>>> print(open('input_23.cif').read())   # mmCIF, C-alpha atoms
data_coords
#
loop_
_atom_site.label_atom_id
_atom_site.label_comp_id
_atom_site.auth_asym_id
_atom_site.auth_seq_id
_atom_site.Cartn_x
_atom_site.Cartn_y
_atom_site.Cartn_z
CA MET A 24 24.04 -27.53 78.52
CA LYS A 25 26.89 -29.01 76.52
CA LYS A 26 24.54 -31.78 75.36
CA TYR A 27 22.08 -29.26 73.93
CA LEU A 28 24.86 -27.47 72.13
CA THR A 29 26.07 -30.73 70.58
CA ALA A 30 22.57 -31.69 69.58
CA GLY A 31 22.00 -28.21 68.10
CA GLY A 32 25.25 -28.52 66.21
CA LEU A 33 24.20 -31.89 64.81
CA ILE A 34 20.83 -30.52 63.73
CA LEU A 35 22.52 -27.55 62.09
CA ALA A 36 25.01 -29.83 60.37
CA SER A 37 22.31 -32.09 58.97
CA PHE A 38 20.34 -29.05 57.85
CA VAL A 39 23.36 -27.72 55.99
CA TYR A 40 23.92 -31.19 54.51
CA ALA A 41 20.30 -31.34 53.38
CA LEU A 42 20.64 -27.93 51.75
CA PHE A 43 23.80 -29.11 50.03
CA GLN A 44 22.02 -32.19 48.72
CA GLN A 45 19.14 -30.06 47.53
CA GLY A 46 21.60 -27.81 45.77
CA ASN A 47 23.09 -30.77 43.97
CA GLY A 48 19.65 -31.95 43.05
CA ALA A 49 18.77 -28.58 41.64
CA SER A 50 21.88 -28.34 39.53
CA ALA A 51 21.38 -31.89 38.28
CA GLY A 52 17.95 -30.74 37.14
CA LEU A 53 19.49 -27.83 35.27
CA VAL A 54 21.92 -30.06 33.41
CA ALA A 55 18.96 -31.78 31.78
CA VAL A 56 17.77 -28.51 30.23
CA PRO A 57 20.05 -28.22 27.16
CA ALA A 58 18.47 -31.08 25.25
CA PRO A 59 14.99 -29.53 24.89
CA ALA A 60 16.62 -26.14 24.35
CA THR A 61 18.46 -27.51 21.33
CA GLY A 62 15.20 -28.83 19.95
CA THR A 63 13.53 -25.48 20.42
CA ALA A 64 16.23 -23.64 18.56
CA THR A 65 15.96 -25.98 15.61
CA ASP A 66 12.19 -25.96 15.55
CA THR A 67 11.89 -22.18 15.55
CA ALA A 68 14.53 -21.63 12.91
CA ILE A 69 13.44 -19.56 9.96
CA GLY A 70 15.57 -20.41 6.98
CA LEU A 71 17.04 -18.09 4.43
CA GLY A 72 14.75 -19.49 1.83
CA GLN A 73 11.55 -18.33 3.49
CA ASN A 74 9.84 -15.04 3.91
CA GLY A 75 10.63 -13.00 6.95
CA PRO A 76 13.94 -11.87 8.30
CA PRO A 77 16.58 -14.57 8.12
CA PHE A 78 18.27 -15.59 11.34
CA ALA A 79 15.00 -14.96 13.15
CA THR A 80 15.74 -17.78 15.50
CA THR A 81 15.48 -17.43 19.24
CA THR A 82 18.95 -16.31 20.17
CA GLN A 83 18.63 -17.28 23.82
CA ALA A 84 17.71 -20.86 23.05
CA GLY A 85 20.57 -21.04 20.60
CA LYS A 86 22.98 -19.68 23.14
CA SER A 87 22.04 -22.10 25.88
CA SER A 88 22.33 -25.06 23.58
CA SER A 89 25.59 -23.90 22.11
CA SER A 90 27.29 -23.28 25.42
CA LYS A 91 26.30 -26.67 26.78
CA SER A 92 26.40 -28.66 23.57
CA SER A 93 28.61 -31.68 23.92
CA SER A 94 28.85 -32.11 20.17
CA SER A 95 31.15 -29.12 19.76
CA SER A 96 33.98 -31.02 21.46
CA ASP A 97 34.04 -33.70 18.78
CA THR A 98 33.90 -31.21 15.94
CA PRO A 99 36.56 -31.96 13.36
CA PRO A 100 39.31 -29.36 13.15
CA ILE A 101 38.69 -26.46 10.81
CA THR A 102 40.62 -26.27 7.59
CA ARG A 103 41.50 -22.66 6.97
CA GLY A 104 40.80 -21.17 3.59
CA THR A 105 38.79 -24.02 2.18
CA SER A 106 35.35 -22.81 3.20
CA GLY A 107 35.08 -19.97 0.72
CA SER A 108 34.24 -21.98 -2.36
CA GLY A 109 30.86 -22.24 -3.99
CA SER A 110 31.51 -25.86 -4.76
CA VAL A 111 31.08 -26.87 -1.13
CA ALA A 112 27.31 -26.82 -1.31
CA THR A 113 26.67 -28.99 -4.32
CA GLY A 114 25.02 -31.92 -2.68
CA GLN A 115 27.80 -33.63 -0.79
CA TYR A 116 26.36 -32.99 2.67
CA LYS A 117 24.24 -35.20 4.86
CA ASP A 118 20.88 -33.72 5.84
CA GLY A 119 20.67 -32.38 9.35
CA SER A 120 21.60 -29.42 11.46
CA TYR A 121 25.20 -28.86 12.47
CA THR A 122 26.49 -26.44 15.04
CA GLY A 123 29.83 -24.78 14.37
CA GLN A 124 32.38 -23.97 17.00
CA PRO A 125 32.18 -20.50 18.52
CA GLN A 126 34.90 -18.36 17.01
CA ASN A 127 36.45 -15.31 18.58
CA ALA A 128 35.76 -12.29 16.40
CA TYR A 129 37.81 -10.01 18.67
CA TYR A 130 34.79 -7.96 19.66
CA GLY A 131 32.85 -11.05 20.69
CA TYR A 132 32.03 -14.60 19.65
CA VAL A 133 30.39 -15.75 16.46
CA GLN A 134 28.71 -19.13 16.25
CA VAL A 135 26.52 -20.46 13.49
CA ARG A 136 24.46 -23.55 12.76
CA ALA A 137 24.15 -24.92 9.26
CA ILE A 138 20.91 -26.58 8.19
CA VAL A 139 21.41 -29.06 5.36
CA THR A 140 18.40 -30.20 3.33
CA GLY A 141 18.56 -32.40 0.26
CA GLY A 142 22.35 -32.47 0.49
CA ARG A 143 22.63 -28.71 0.22
CA LEU A 144 23.12 -25.86 2.63
CA ALA A 145 19.55 -24.63 3.12
CA SER A 146 19.99 -22.02 5.81
CA ILE A 147 22.39 -20.62 8.33
CA GLN A 148 21.31 -19.69 11.83
CA ILE A 149 23.34 -17.22 13.80
CA LEU A 150 23.46 -18.64 17.33
CA GLU A 151 25.80 -16.13 18.83
CA TYR A 152 26.89 -12.76 17.64
CA PRO A 153 28.81 -9.92 19.26
CA ASN A 154 26.33 -7.65 20.94
CA ASP A 155 28.24 -5.85 23.61
CA ARG A 156 27.25 -2.34 22.72
CA SER A 157 24.89 -0.28 24.74
CA THR A 158 21.60 0.37 23.05
CA SER A 159 20.75 3.12 25.49
CA ARG A 160 19.65 6.15 23.63
CA TYR A 161 20.83 9.63 24.04
CA ILE A 162 20.65 12.42 21.57
CA ASN A 163 24.02 14.01 21.34
CA GLY A 164 24.46 17.71 20.90
CA GLN A 165 25.96 17.37 17.44
CA ALA A 166 22.63 16.80 15.75
CA LEU A 167 22.39 16.93 12.00
CA PRO A 168 19.74 19.63 11.79
CA TYR A 169 18.36 19.00 8.32
CA LEU A 170 18.32 15.21 8.35
CA MET A 171 15.53 13.30 10.02
CA ARG A 172 16.41 11.22 13.07
CA GLU A 173 14.58 8.43 14.83
CA ALA A 174 15.21 5.82 17.47
CA VAL A 175 15.50 2.44 15.81
CA SER A 176 12.69 0.03 16.56
CA ALA A 177 11.73 -3.41 15.31
CA GLN A 178 9.29 -3.61 12.42
CA ASN A 179 6.90 -6.47 11.97
CA ALA A 180 7.16 -6.85 8.25
CA ASN A 181 7.45 -9.51 5.63
CA VAL A 182 10.65 -9.10 3.69
CA ASP A 183 12.24 -10.99 0.82
CA THR A 184 15.74 -10.59 2.20
CA VAL A 185 17.71 -8.50 4.67
CA SER A 186 20.58 -6.08 4.24
CA GLY A 187 23.07 -6.01 7.07
CA ALA A 188 26.74 -5.65 7.77
CA SER A 189 28.60 -8.31 5.84
CA ASP A 190 29.16 -11.70 7.36
CA THR A 191 32.56 -12.02 5.78
CA SER A 192 34.49 -12.02 9.01
CA ALA A 193 36.95 -14.83 9.45
CA ALA A 194 35.11 -15.90 12.59
CA PHE A 195 31.89 -16.39 10.64
CA ARG A 196 33.69 -18.38 7.95
CA GLU A 197 35.41 -20.57 10.49
CA SER A 198 32.32 -21.33 12.54
CA LEU A 199 30.41 -22.20 9.37
CA GLY A 200 33.36 -24.22 8.11
CA SER A 201 33.40 -26.31 11.25
CA ALA A 202 29.63 -26.83 11.04
CA LEU A 203 29.88 -28.02 7.45
CA ALA A 204 32.85 -30.24 8.21
CA GLN A 205 30.46 -32.29 10.35
CA ALA A 206 27.98 -32.47 7.50
CA LYS A 207 30.41 -34.03 5.02
CA ALA A 208 28.87 -37.13 3.59
CA MET B 19 13.42 -20.48 -7.25
CA LYS B 20 15.70 -19.45 -4.43
CA GLU B 21 18.94 -21.05 -3.38
CA THR B 22 21.57 -20.24 -0.77
CA ARG B 23 25.16 -21.40 -1.03
CA LEU B 24 28.50 -20.45 0.40
CA SER B 25 30.68 -18.41 -1.88
CA MET B 26 33.49 -15.97 -1.24
CA GLY B 27 33.29 -16.95 2.39
CA MET B 28 29.74 -15.75 2.89
CA PRO B 29 26.20 -16.93 2.38
CA VAL B 30 25.00 -16.04 -1.11
CA SER B 31 21.31 -16.25 -2.03
CA VAL B 32 20.03 -16.10 -5.56
CA GLU B 33 16.31 -15.96 -6.28
CA VAL B 34 15.07 -16.02 -9.84
CA VAL B 35 11.36 -15.77 -10.62
CA GLY B 36 9.79 -17.17 -13.78
CA ASP B 37 10.68 -19.63 -16.52
CA GLU B 38 14.05 -21.37 -16.64
CA ALA B 39 14.79 -20.08 -13.14
CA ALA B 40 17.06 -23.00 -12.23
CA ARG B 41 19.36 -22.28 -15.15
CA GLY B 42 19.69 -18.64 -14.08
CA VAL B 43 20.47 -19.64 -10.52
CA GLU B 44 23.21 -22.05 -11.68
CA ALA B 45 24.75 -19.42 -13.97
CA ALA B 46 24.80 -16.93 -11.09
CA PHE B 47 26.59 -19.29 -8.71
CA ALA B 48 29.08 -20.33 -11.40
CA TYR B 49 30.03 -16.67 -11.76
CA PHE B 50 30.51 -16.22 -8.01
CA THR B 51 32.73 -19.29 -7.86
CA GLU B 52 34.92 -18.09 -10.71
CA ILE B 53 35.37 -14.60 -9.27
CA ASP B 54 36.22 -16.00 -5.85
CA ARG B 55 38.90 -18.20 -7.41
CA ARG B 56 40.39 -15.32 -9.36
CA PHE B 57 40.21 -12.41 -6.95
CA SER B 58 40.34 -13.75 -3.41
CA PRO B 59 43.33 -12.34 -1.52
CA TYR B 60 43.16 -15.50 0.61
CA ARG B 61 43.96 -17.84 -2.26
CA ALA B 62 47.62 -18.18 -3.15
CA ASP B 63 46.76 -18.86 -6.81
CA SER B 64 44.51 -15.80 -7.25
CA GLU B 65 45.33 -12.77 -9.37
CA VAL B 66 45.21 -10.55 -6.31
CA ALA B 67 47.79 -12.73 -4.57
CA ALA B 68 49.96 -12.56 -7.70
CA LEU B 69 49.72 -8.77 -7.72
CA ASN B 70 50.69 -8.64 -4.05
CA ARG B 71 53.74 -10.81 -4.73
CA ASP B 72 54.78 -8.82 -7.77
CA PRO B 73 53.61 -5.17 -8.15
CA HIS B 74 54.54 -5.35 -11.85
CA HIS B 75 52.11 -8.21 -12.47
CA ARG B 76 49.91 -7.21 -15.41
CA PRO B 77 46.27 -7.32 -14.27
CA SER B 78 43.52 -8.89 -16.37
CA ALA B 79 40.82 -6.63 -17.82
CA GLU B 80 38.49 -7.44 -14.93
CA LEU B 81 41.09 -6.82 -12.24
CA ALA B 82 42.06 -3.57 -13.97
CA GLU B 83 38.40 -2.55 -13.85
CA ILE B 84 38.22 -3.35 -10.14
CA LEU B 85 41.44 -1.43 -9.42
CA ALA B 86 40.12 1.58 -11.37
CA LEU B 87 36.85 1.50 -9.42
CA ALA B 88 38.79 1.32 -6.17
CA GLU B 89 40.86 4.33 -7.18
CA ARG B 90 37.74 6.25 -8.18
CA THR B 91 36.07 5.48 -4.85
CA ARG B 92 39.24 6.48 -2.99
CA ALA B 93 39.27 9.86 -4.75
CA GLU B 94 35.51 10.46 -4.34
CA SER B 95 35.62 9.64 -0.66
CA GLY B 96 38.58 11.89 0.12
CA GLY B 97 40.79 8.88 0.82
CA PHE B 98 38.39 7.21 3.25
CA PHE B 99 38.01 4.21 0.98
CA ASP B 100 41.38 2.65 0.21
CA ILE B 101 42.18 -0.91 -0.84
CA ARG B 102 45.82 -0.45 0.18
CA ARG B 103 46.44 -1.97 3.58
CA PRO B 104 48.74 -0.36 6.11
CA ASP B 105 51.24 -3.16 5.30
CA GLY B 106 51.36 -2.10 1.63
CA ARG B 107 49.39 -5.04 0.23
CA ILE B 108 46.12 -4.53 -1.57
CA ASP B 109 42.83 -6.13 -0.66
CA PRO B 110 40.15 -5.22 -3.21
CA SER B 111 37.47 -7.31 -1.42
CA GLY B 112 35.61 -4.10 -0.57
CA ILE B 113 35.07 -3.51 -4.30
CA VAL B 114 34.96 -7.09 -5.56
CA LYS B 115 31.88 -7.97 -3.54
CA GLY B 116 29.67 -5.24 -5.00
CA TRP B 117 31.26 -5.69 -8.41
CA VAL B 118 30.55 -9.41 -8.63
CA ILE B 119 26.93 -9.01 -7.48
CA GLN B 120 26.53 -6.34 -10.14
CA LYS B 121 28.09 -8.60 -12.81
CA VAL B 122 25.78 -11.45 -11.86
CA ALA B 123 22.78 -9.10 -12.10
CA GLU B 124 23.94 -7.89 -15.54
CA THR B 125 24.47 -11.49 -16.66
CA LEU B 126 20.95 -12.48 -15.58
CA THR B 127 19.52 -9.46 -17.40
CA ALA B 128 21.52 -10.34 -20.53
CA TYR B 129 20.06 -13.87 -20.39
CA GLY B 130 16.60 -12.34 -20.40
CA TYR B 131 15.69 -12.72 -16.74
CA GLU B 132 13.63 -9.79 -15.48
CA ASP B 133 12.70 -10.71 -11.92
CA PHE B 134 15.51 -11.65 -9.55
CA CYS B 135 17.24 -10.87 -6.28
CA VAL B 136 20.93 -11.56 -5.68
CA ASP B 137 22.10 -11.26 -2.08
CA ALA B 138 25.73 -11.78 -1.10
CA GLY B 139 26.37 -11.29 2.60
CA GLY B 140 23.69 -8.62 2.92
CA ASP B 141 24.53 -6.62 -0.21
CA ILE B 142 21.72 -6.99 -2.71
CA ALA B 143 20.93 -6.46 -6.39
CA LEU B 144 17.26 -6.42 -7.38
CA SER B 145 15.29 -6.50 -10.55
CA GLY B 146 11.57 -6.52 -11.28
CA LYS B 147 9.19 -8.28 -8.94
CA ASN B 148 9.25 -11.03 -6.33
CA ALA B 149 7.46 -14.38 -6.52
CA ARG B 150 4.22 -12.73 -5.39
CA GLY B 151 4.39 -10.25 -8.24
CA GLU B 152 5.15 -7.32 -5.92
CA SER B 153 8.14 -5.03 -5.43
CA TRP B 154 11.04 -6.67 -3.62
CA ARG B 155 10.96 -5.87 0.07
CA ILE B 156 14.36 -5.53 1.72
CA GLY B 157 14.70 -5.26 5.48
CA ILE B 158 17.43 -3.26 7.17
CA ARG B 159 18.87 -5.34 9.96
CA ASN B 160 19.12 -3.98 13.47
CA PRO B 161 22.88 -4.04 14.14
CA PHE B 162 22.21 -4.54 17.85
CA ARG B 163 19.68 -7.36 17.46
CA ARG B 164 20.30 -9.29 14.30
CA GLU B 165 16.93 -11.01 14.32
CA GLU B 166 15.19 -7.65 14.00
CA VAL B 167 14.38 -5.58 10.97
CA VAL B 168 14.16 -1.85 11.67
CA ARG B 169 13.13 -0.51 8.26
CA VAL B 170 11.86 -1.94 5.00
CA VAL B 171 12.81 -0.64 1.57
CA ALA B 172 10.56 -1.54 -1.34
CA SER B 173 12.29 -1.65 -4.72
CA HIS B 174 11.69 -2.89 -8.25
CA GLY B 175 15.31 -2.47 -9.30
CA GLY B 176 18.71 -1.29 -8.15
CA GLY B 177 21.02 -2.06 -5.29
CA ILE B 178 21.21 -1.88 -1.52
CA ALA B 179 24.27 -2.43 0.64
CA THR B 180 25.16 -2.11 4.30
CA SER B 181 28.49 -1.49 5.93
CA GLY B 182 28.83 -1.95 9.63
CA SER B 183 30.59 -3.26 12.65
CA ALA B 184 30.58 -6.89 11.54
CA ALA B 185 32.94 -5.98 8.74
CA ARG B 186 35.19 -3.87 10.91
CA GLY B 187 38.63 -5.34 11.03
CA ASP B 188 38.10 -6.98 7.68
CA HIS B 189 38.42 -4.09 5.31
CA ILE B 190 36.96 -1.00 6.88
CA TYR B 191 39.09 1.42 8.83
CA ASN B 192 39.83 5.09 8.69
CA PRO B 193 42.90 5.36 6.42
CA HIS B 194 43.69 8.74 7.90
CA LYS B 195 43.88 7.15 11.36
CA PRO B 196 44.36 3.41 10.80
CA GLU B 197 44.64 2.53 14.49
CA ALA B 198 41.52 4.39 15.56
CA PRO B 199 38.42 2.22 15.71
CA ILE B 200 35.26 3.50 14.07
CA ARG B 201 32.98 4.03 17.02
CA ASP B 202 30.17 6.42 16.22
CA VAL B 203 28.26 4.39 13.68
CA ALA B 204 26.89 0.87 14.01
CA SER B 205 25.82 0.54 10.38
CA ILE B 206 24.98 2.51 7.28
CA THR B 207 22.70 1.18 4.55
CA VAL B 208 22.88 2.78 1.13
CA VAL B 209 20.23 2.46 -1.59
CA ALA B 210 21.45 3.30 -5.11
CA GLU B 211 20.72 2.68 -8.77
CA ASP B 212 22.92 -0.42 -8.65
CA VAL B 213 24.54 -2.58 -6.00
CA LEU B 214 28.10 -1.67 -6.94
CA THR B 215 27.42 2.02 -6.33
CA ALA B 216 25.57 1.22 -3.10
CA ASP B 217 28.42 -0.95 -1.86
CA ARG B 218 31.22 1.46 -2.75
CA TYR B 219 29.53 4.38 -1.03
CA ALA B 220 28.39 2.39 1.99
CA THR B 221 31.96 1.27 2.63
CA ALA B 222 33.37 4.77 2.20
CA ALA B 223 30.62 6.39 4.28
CA PHE B 224 31.09 3.93 7.13
CA ALA B 225 34.79 4.76 7.31
CA MET B 226 33.83 8.44 7.74
CA GLY B 227 31.98 7.70 10.97
CA ALA B 228 29.08 9.99 11.87
CA ASP B 229 29.78 12.22 8.86
CA GLY B 230 29.08 9.37 6.44
CA ILE B 231 25.41 10.28 6.13
CA LEU B 232 26.35 13.82 5.09
CA PHE B 233 28.60 12.37 2.39
CA ILE B 234 25.72 10.26 0.99
CA GLU B 235 23.39 13.28 1.13
CA THR B 236 25.68 15.01 -1.38
CA ILE B 237 25.51 12.13 -3.90
CA PRO B 238 22.65 12.28 -6.42
CA GLY B 239 20.63 9.08 -6.70
CA CYS B 240 21.82 7.69 -3.35
CA GLU B 241 19.86 7.52 -0.12
CA ALA B 242 21.01 6.15 3.21
CA TYR B 243 19.92 5.06 6.67
CA GLN B 244 22.67 5.34 9.28
CA ILE B 245 22.31 3.75 12.70
CA GLY B 246 24.45 5.21 15.49
CA GLN B 247 25.97 3.30 18.38
CA ASP B 248 23.45 5.17 20.53
CA GLY B 249 20.53 3.45 18.81
CA VAL B 250 19.46 6.59 16.97
CA ALA B 251 19.17 6.48 13.20
CA VAL B 252 19.59 9.40 10.83
CA MET B 253 18.50 9.27 7.20
CA THR B 254 19.08 11.23 4.02
CA SER B 255 16.33 13.56 2.85
CA GLY B 256 14.94 11.16 0.22
CA PHE B 257 15.12 7.96 2.25
CA SER B 258 11.62 8.01 3.73
CA ALA B 259 10.11 7.96 0.26
CA LEU B 260 11.80 4.57 -0.37
CA ALA B 261 11.02 3.02 2.98
CA ARG B 262 7.71 1.64 4.08
CA ALA B 263 7.27 0.00 7.42
#
>>> encode(input="input_23.cif", output="structure tokens")
Amino acid sequence: MKKYLTAGGLILASFVYALFQQGNGASAGLVAVPAPATGTATDTAIGLGQNGPPFATTTQAGKSSSSKSSSSSDTPPITRGTSGSGSVATGQYKDGSYTGQPQNAYYGYVQVRAIVTGGRLASIQILEYPNDRSTSRYINGQALPYLMREAVSAQNANVDTVSGASDTSAAFRESLGSALAQAKA
Amino acid sequence: MKETRLSMGMPVSVEVVGDEAARGVEAAFAYFTEIDRRFSPYRADSEVAALNRDPHHRPSAELAEILALAERTRAESGGFFDIRRPDGRIDPSGIVKGWVIQKVAETLTAYGYEDFCVDAGGDIALSGKNARGESWRIGIRNPFRREEVVRVVASHGGGIATSGSAARGDHIYNPHKPEAPIRDVASITVVAEDVLTADRYATAAFAMGADGILFIETIPGCEAYQIGQDGVAVMTSGFSALARA
């Protein structure tokens, strides 16, 4: 009887061990994911200089690459107050795409990627942006009777440019500043 | 020709259509750079910094114009727009942005350019037609999903500006209740005869919260699209005529 119990225990133990190994294997597989994800984000980027809404990159792909990106750890430190000049984009950058550090904007994190083409800043992708607010709809009692209301919905339209809340927050500046610091020729 | 650069701490895009476009684009960016140097509150050597150090500092003609516009907007908005910070310093960034875009647009017009689009951080001045010879088409960004456009405004001239949550903490707060966050409204986009007007009123209306749209409704020549935190938009009576999906 005791022998069976011991044998059962051994079988159980090896089963648990096998599961554990499998678990490790699975997570090792996941670690390999960020590299293609980074490629996807870059490939699908729609620059500011093209038709269509800017920043129309796949946010999810951007997020996964940004959170796992190893390059952000060797980002040079950000110099405060030097990123606001127009002279920064006059051809002194190396071509490529550079991911800025995520910056705390108090209500969430802001992270951008700068795409440099021909030595100039060609486009800026927003990888991460605060989006913590509920989009659930409810019509509150204090309706404005004579003004038309509608639930917002995405439009499939070609546009020349997009109007949105200003990107002047310090977090935006700093993330972009750290991206461009990497691009310095 | 379209080019995007960083100026005044934000992405600035200038598109000029037609002959000598490159020269127009360069002139536009040169103007942005100069105004940033002179009026940034973040630069110790700027005029604004000098005025904050010494209230008796005599402002230049341009700074005086900006201060007068700020005062006018403060009065028109019942005190909701105010460049005076709770700490007593002034930060005219809320006026300077629209003002400089407007100046660049006027400069391009004076040089003879008819078709252009100047976009600084989502506030836009337009003139004439785009590269395809059509009206400029400006999307209104979904404040909840930045990659989405929720409305499109077609325009052959004038200005469009949006105030919203991204700018909160920078220069928009309710001066009557400085510590209270603005919660009702996610963004308000104002379309006006010029970008300076659009920007001034968008900033003031956003500080008013849900009532901002009613404020814009009272202003002749201005239309607005206000998106609530609940995902419901409300628009002024003339907005639909400007917007085509």
>>> resolve_selection(input="input_23.cif", expression="the PyMOL selection byres ((chain B and resi 223-235) around 9)", output="VMD selection string")
(chain A and resid 167 170) or (chain B and resid 95 98 to 99 180 to 182 190 to 193 200 to 206 208 218 to 222 236 to 238 240 to 244 246 252 to 256)
>>> resolve_selection(input="input_23.cif", expression="the PyMOL selection byres ((chain B and resi 127-131) around 10)", output="mmCIF file with C-alpha atoms, keeping the file's coordinate frame")
data_model
loop_
_atom_site.group_PDB
_atom_site.id
_atom_site.type_symbol
_atom_site.label_atom_id
_atom_site.label_comp_id
_atom_site.auth_asym_id
_atom_site.auth_seq_id
_atom_site.Cartn_x
_atom_site.Cartn_y
_atom_site.Cartn_z
ATOM 1 C CA VAL B 34 15.070 -16.020 -9.840
ATOM 2 C CA VAL B 35 11.360 -15.770 -10.620
ATOM 3 C CA GLY B 36 9.790 -17.170 -13.780
ATOM 4 C CA ASP B 37 10.680 -19.630 -16.520
ATOM 5 C CA GLU B 38 14.050 -21.370 -16.640
ATOM 6 C CA ALA B 39 14.790 -20.080 -13.140
ATOM 7 C CA ARG B 41 19.360 -22.280 -15.150
ATOM 8 C CA GLY B 42 19.690 -18.640 -14.080
ATOM 9 C CA ALA B 45 24.750 -19.420 -13.970
ATOM 10 C CA LYS B 121 28.090 -8.600 -12.810
ATOM 11 C CA VAL B 122 25.780 -11.450 -11.860
ATOM 12 C CA ALA B 123 22.780 -9.100 -12.100
ATOM 13 C CA GLU B 124 23.940 -7.890 -15.540
ATOM 14 C CA THR B 125 24.470 -11.490 -16.660
ATOM 15 C CA LEU B 126 20.950 -12.480 -15.580
ATOM 16 C CA GLU B 132 13.630 -9.790 -15.480
ATOM 17 C CA ASP B 133 12.700 -10.710 -11.920
ATOM 18 C CA PHE B 134 15.510 -11.650 -9.550
ATOM 19 C CA SER B 145 15.290 -6.500 -10.550
ATOM 20 C CA GLY B 146 11.570 -6.520 -11.280
#
>>> closest_residue(input="input_23.cif", among="B:Thr215, B:Asn148, B:Gln120, B:Ser64", to="chain A", atoms="all atoms listed in the file")
B:Asn148
>>> residues_around(input="input_23.cif", residues="Gly177 of chain B", least_positions_apart="6", cutoff="7 Å", atoms="only C-alpha atoms", output="number ranges by chain")
B: 142-144, 209-213, 216
>>> axis_aligned_box(input="input_23.cif", around="segment 29-42 of chain B", padding_each_side="4 Å", output="lines of an AutoDock Vina configuration file")
center_x = 18.0
center_y = -19.4
center_z = -7.1
size_x = 24.4
size_y = 15.2
size_z = 27.0
>>> atom_distance(input="input_23.cif", atom1="atom CA of Asp141 of chain B", atom2="atom CA of Lys115 of chain B")
8.2 Å
>>> closest_residue(input="input_23.cif", among="B:Ile101, B:Ala172, B:Glu83, B:Ala68", to="Glu152 of chain B", atoms="all atoms listed in the file")
B:Ala172
>>> resolve_selection(input="input_23.cif", expression="the PyMOL selection byres ((chain B and resi 54-57) around 9)", output="PyMOL selection string")
(chain A and resi 107-109) or (chain B and resi 25-27+49-53+58-61+63-67+81+110-111+114)
>>> closest_residue(input="input_23.cif", among="A:Asn181, A:Gln115, A:Gln205, A:Thr122", to="chain B", atoms="only C-alpha atoms")
A:Asn181
>>> closest_residue(input="input_23.cif", among="B:Ala93, B:Val43, B:Ile108, B:Ile84", to="Leu69 of chain B", atoms="all atoms listed in the file")
B:Ile108
>>> atom_distance(input="input_23.cif", atom1="atom CA of Tyr116 of chain A", atom2="atom CA of Phe47 of chain B")
17.8 Å
